[in-house]
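To keep things clear, I will list the structure first and then write my remarks on it.
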Amino acid sequence: AEAITLPVATDWLNRLAARYATERDWLVELDSAIGDGDHGANLARGFAAVRDKLQAAPPADVAALFRLVGMTLISTVGGASGPLYGTLFLEAGKKAAGAASLDVAGWRACLEAGVAGIRARGKAEAGEKTMLDALLPAVAALDGTALPAALLASAAAATHGSDATIPLIARKGRASYLGERSVGHRDPGAASSVMLLDELAQAAA
Ligand code: ADP
Ligand code: MG
Ligand code: MG
């Protein structure tokens with residue numbers, strides 16, 4: 001696809017519901033090692049609710065879809081990740097307002113605003129072993145004008161960022177209670193952020 005249109009965005013969210021259902025156990029395993037073990041269940045539940053709402057009441061445009069996703073995640077996902085991913089989509093929805101579709105620059109503005117929202121809400125910085133360690137490199141890697149290629153590069157940067165959380169000491173969220181014992185484990189939120197960006201790249205391919 002040349003741009004993220006409403007059908008592409010809808011396909012993205014439907015793919016994501018399936019992806020989080022499939023990866024639920026792995027995300028639970030990651031969160032069991034350094035958290036409370038609910039990350040996979042949280043996201044599987046939240047994105048299944050998103051899929052059902054999109055089907056029941058299809059939004060009119062990309063901005064409305066992002067807002068619906070944000071509100072649904074905030075109301076159905078507990079814990080840290082629900083409000084944080086919810087904020088990502090709500091802020092992205094503000095940036096997408098009025099646009100029929102998003103090109104690379106448009107999507108970059110949305111993701112940048114979403115990530116800024118996560119930073120404001122969670123008060124985390126790069127290198128603190130959170131989802132930001134996947135999301136920040138993903139924003140930085142989004143350039144050029146060819147949408148599918150830019151999204152693939154963005155998802156690849158997120159993957160490297162997620163891998164790089166393994167040796168880090170967690171400074172935010174439940175994993176920070178473990179201190180040095182968090183070293184040697186991948187951050188679950190970084191792993192789920194990779195899936196989010198990877199499914200967008202697939203939907204736009
Ligand atoms: P909880 O920790 O409340 O059980 P989840 O397990 O669903 O929530 O999500 C945990 C993930 O949330 C972590 O792996 C991390 O990526 C992310 N996270 C936690 N706290 C923060 C924060 N302050 N800023 C950014 N991300 C955070
Ligand atoms: Mg958890
Ligand atoms: Mg929890």
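The way I read the labels, and the way they are meant: chains A, B, ... in the order of the structure tokens, residue 1 as the first residue of every chain, and ligand 1 as the first ligand shown, with later ones counted on from there.
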*Protein and nucleic residues near ligand 1, 9 Å, only C-alpha atoms and all ligand atoms, as a ChimeraX atom specification*: /A:27-28,30-32,34-43,77-82,84-85,118-125,128-134,170-176,186-193
*asked:* What's around Leu65 (chain A) at 9 Å? Count only C-alpha atoms, leave out sequence neighbours fewer than 5 positions away in its own chain, and write the answer as a PyMOL selection string.
replied: chain A and resi 6+9-10+54+58-60+70+89+93
Selection export as a PDB file, in the first residue's frame, atoms kept: N, CA and C atoms:
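File produced: part.pdb:
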ATOM      1  N   LEU A   6      -7.926   3.592   5.751  1.00  0.00           N
ATOM      2  CA  LEU A   6      -8.806   2.956   6.735  1.00  0.00           C
ATOM      3  C   LEU A   6      -8.804   1.422   6.600  1.00  0.00           C
ATOM      4  N   ALA A   9      -5.511   0.162   8.074  1.00  0.00           N
ATOM      5  CA  ALA A   9      -5.489   0.287   9.538  1.00  0.00           C
ATOM      6  C   ALA A   9      -6.395  -0.751  10.193  1.00  0.00           C
ATOM      7  N   THR A  10      -7.546  -1.015   9.575  1.00  0.00           N
ATOM      8  CA  THR A  10      -8.471  -2.026  10.103  1.00  0.00           C
ATOM      9  C   THR A  10      -7.833  -3.408  10.035  1.00  0.00           C
ATOM     10  N   LEU A  54     -14.445  -2.937  16.422  1.00  0.00           N
ATOM     11  CA  LEU A  54     -14.283  -2.527  15.014  1.00  0.00           C
ATOM     12  C   LEU A  54     -15.316  -3.206  14.135  1.00  0.00           C
ATOM     13  N   PRO A  58     -17.841  -0.033  12.700  1.00  0.00           N
ATOM     14  CA  PRO A  58     -16.639   0.378  11.966  1.00  0.00           C
ATOM     15  C   PRO A  58     -16.467   1.899  11.989  1.00  0.00           C
ATOM     16  N   PRO A  59     -15.293   2.388  12.366  1.00  0.00           N
ATOM     17  CA  PRO A  59     -15.056   3.823  12.425  1.00  0.00           C
ATOM     18  C   PRO A  59     -15.021   4.449  11.024  1.00  0.00           C
ATOM     19  N   ALA A  60     -15.234   5.772  10.985  1.00  0.00           N
ATOM     20  CA  ALA A  60     -15.364   6.473   9.699  1.00  0.00           C
ATOM     21  C   ALA A  60     -14.020   6.782   9.062  1.00  0.00           C
ATOM     22  N   GLY A  70      -7.570   3.362  21.329  1.00  0.00           N
ATOM     23  CA  GLY A  70      -7.038   3.942  22.565  1.00  0.00           C
ATOM     24  C   GLY A  70      -8.015   3.820  23.722  1.00  0.00           C
ATOM     25  N   PHE A  89      -2.313   5.307  21.098  1.00  0.00           N
ATOM     26  CA  PHE A  89      -3.346   5.393  20.051  1.00  0.00           C
ATOM     27  C   PHE A  89      -4.159   6.678  20.164  1.00  0.00           C
ATOM     28  N   GLY A  93      -4.296   9.346  17.222  1.00  0.00           N
ATOM     29  CA  GLY A  93      -5.593   9.760  16.678  1.00  0.00           C
ATOM     30  C   GLY A  93      -5.709  11.266  16.548  1.00  0.00           C
TER      31      GLY A  93
END
*From A:Cys110, A:Asp163, A:Glu199, A:Lys94, residue lying nearest Leu13 (chain A) [only C-alpha atoms]*: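 Smallest separation from Leu13 (chain A) among the options: A:Glu199.
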_Excluding Ala99 (chain A) and its own-chain neighbours fewer than 2 positions away, which residues fall within 9 Å of it when counting only C-alpha atoms? Please give them as a PyMOL selection string._
chain A and resi 61-63+95-97+101-102+106
Selected residues written out with C-alpha atoms, as an mmCIF file, in the first residue's frame:
data_model
loop_
_atom_site.group_PDB
_atom_site.id
_atom_site.type_symbol
_atom_site.label_atom_id
_atom_site.label_comp_id
_atom_site.auth_asym_id
_atom_site.auth_seq_id
_atom_site.Cartn_x
_atom_site.Cartn_y
_atom_site.Cartn_z
ATOM 1 C CA ASP A 61 -11.678 7.240 9.306
ATOM 2 C CA VAL A 62 -8.180 6.408 10.560
ATOM 3 C CA ALA A 63 -8.311 9.013 13.336
ATOM 4 C CA LYS A 95 -2.387 13.719 14.808
ATOM 5 C CA ALA A 96 -4.378 11.743 12.234
ATOM 6 C CA ALA A 97 -7.448 13.992 12.563
ATOM 7 C CA SER A 101 -4.809 8.301 4.872
ATOM 8 C CA LEU A 102 -1.281 8.489 6.264
ATOM 9 C CA GLY A 106 1.932 11.347 8.453
#
*Would you please give, as a VMD selection string, all residues of region 81-184 of chain A that DSSP assigns to helix (DSSP H, G or I) based on the backbone?*
chain A and resid 81 to 96 104 to 122 132 to 140 147 to 163 174 to 182
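Considering only C-alpha atoms, the residue among A:Thr22, A:Ser75, A:Gln202, A:Ser182 positioned nearest to Ser154 (chain A) is A:Gln202.
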_Which residues are near Val115 (chain A)? Cut-off 8 Å, only C-alpha atoms, ignore same chain within fewer than 2 positions. Put them as a PyMOL selection string._
chain A and resi 88+111-113+117-119+132+135-136
*asked:* Which residues are close to Ala17 (chain A), i.e. within 9 Å by only C-alpha atoms, leaving aside same-chain residues fewer than 4 positions away? Reply as an NGL selection string.
replied: :A and (12-13 or 21-22 or 43-51)
Based on the selection just made, write N, CA and C atoms of those residues as a PDB file, in the first residue's frame.
ATOM      1  N   TRP A  12      -4.674  -4.005  10.041  1.00  0.00           N
ATOM      2  CA  TRP A  12      -3.617  -3.985  11.062  1.00  0.00           C
ATOM      3  C   TRP A  12      -4.174  -4.427  12.428  1.00  0.00           C
ATOM      4  N   LEU A  13      -5.245  -3.805  12.848  1.00  0.00           N
ATOM      5  CA  LEU A  13      -5.767  -4.119  14.185  1.00  0.00           C
ATOM      6  C   LEU A  13      -6.314  -5.541  14.262  1.00  0.00           C
ATOM      7  N   ALA A  21      -3.102 -13.058  20.382  1.00  0.00           N
ATOM      8  CA  ALA A  21      -3.678 -14.336  20.830  1.00  0.00           C
ATOM      9  C   ALA A  21      -2.635 -15.447  20.666  1.00  0.00           C
ATOM     10  N   THR A  22      -1.928 -15.428  19.518  1.00  0.00           N
ATOM     11  CA  THR A  22      -0.906 -16.443  19.242  1.00  0.00           C
ATOM     12  C   THR A  22       0.294 -16.314  20.169  1.00  0.00           C
ATOM     13  N   LEU A  43      -2.858  -8.074  26.778  1.00  0.00           N
ATOM     14  CA  LEU A  43      -2.943  -7.626  25.389  1.00  0.00           C
ATOM     15  C   LEU A  43      -3.893  -8.486  24.575  1.00  0.00           C
ATOM     16  N   ALA A  44      -3.915  -9.788  24.832  1.00  0.00           N
ATOM     17  CA  ALA A  44      -4.858 -10.653  24.104  1.00  0.00           C
ATOM     18  C   ALA A  44      -6.292 -10.195  24.386  1.00  0.00           C
ATOM     19  N   ARG A  45      -6.591  -9.889  25.636  1.00  0.00           N
ATOM     20  CA  ARG A  45      -7.927  -9.431  26.012  1.00  0.00           C
ATOM     21  C   ARG A  45      -8.242  -8.073  25.383  1.00  0.00           C
ATOM     22  N   GLY A  46      -7.306  -7.151  25.497  1.00  0.00           N
ATOM     23  CA  GLY A  46      -7.534  -5.794  25.001  1.00  0.00           C
ATOM     24  C   GLY A  46      -7.739  -5.738  23.498  1.00  0.00           C
ATOM     25  N   PHE A  47      -6.901  -6.450  22.755  1.00  0.00           N
ATOM     26  CA  PHE A  47      -7.002  -6.368  21.301  1.00  0.00           C
ATOM     27  C   PHE A  47      -8.138  -7.237  20.753  1.00  0.00           C
ATOM     28  N   ALA A  48      -8.571  -8.253  21.509  1.00  0.00           N
ATOM     29  CA  ALA A  48      -9.793  -8.977  21.123  1.00  0.00           C
ATOM     30  C   ALA A  48     -10.989  -8.035  21.264  1.00  0.00           C
ATOM     31  N   ALA A  49     -10.993  -7.220  22.303  1.00  0.00           N
ATOM     32  CA  ALA A  49     -12.074  -6.235  22.486  1.00  0.00           C
ATOM     33  C   ALA A  49     -12.059  -5.206  21.362  1.00  0.00           C
ATOM     34  N   VAL A  50     -10.855  -4.792  20.962  1.00  0.00           N
ATOM     35  CA  VAL A  50     -10.723  -3.856  19.835  1.00  0.00           C
ATOM     36  C   VAL A  50     -11.318  -4.476  18.570  1.00  0.00           C
ATOM     37  N   ARG A  51     -10.928  -5.719  18.277  1.00  0.00           N
ATOM     38  CA  ARG A  51     -11.436  -6.405  17.073  1.00  0.00           C
ATOM     39  C   ARG A  51     -12.964  -6.466  17.079  1.00  0.00           C
TER      40      ARG A  51
END
*Between CA of Leu151 (chain A) and CA of Ala201 (chain A), what is the distance, to one decimal in Å?*
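Distance between the two atoms: 5.0 Å.
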*CA of Val139 (chain A) and CA of Trp26 (chain A), how far apart in Å?*
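Distance reported for this atom pair: 25.0 Å.
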*asked:* Between CA of Ala18 (chain A) and CA of Leu73 (chain A), what is the distance in Å, rounded to a tenth?
replied: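 Taking CA of Ala18 (chain A) as the start and CA of Leu73 (chain A) as the end point, the length is 15.6 Å.
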_Give me, as a list in words, all polymer residues having an atom no more than 7 Å from Ala141 (chain A), counting only C-alpha atoms and skipping those fewer than 2 positions away in the same chain._
Pro137, Ala138, Val139, Asp143, Ala153, Ser154 and Ala157 of chain A
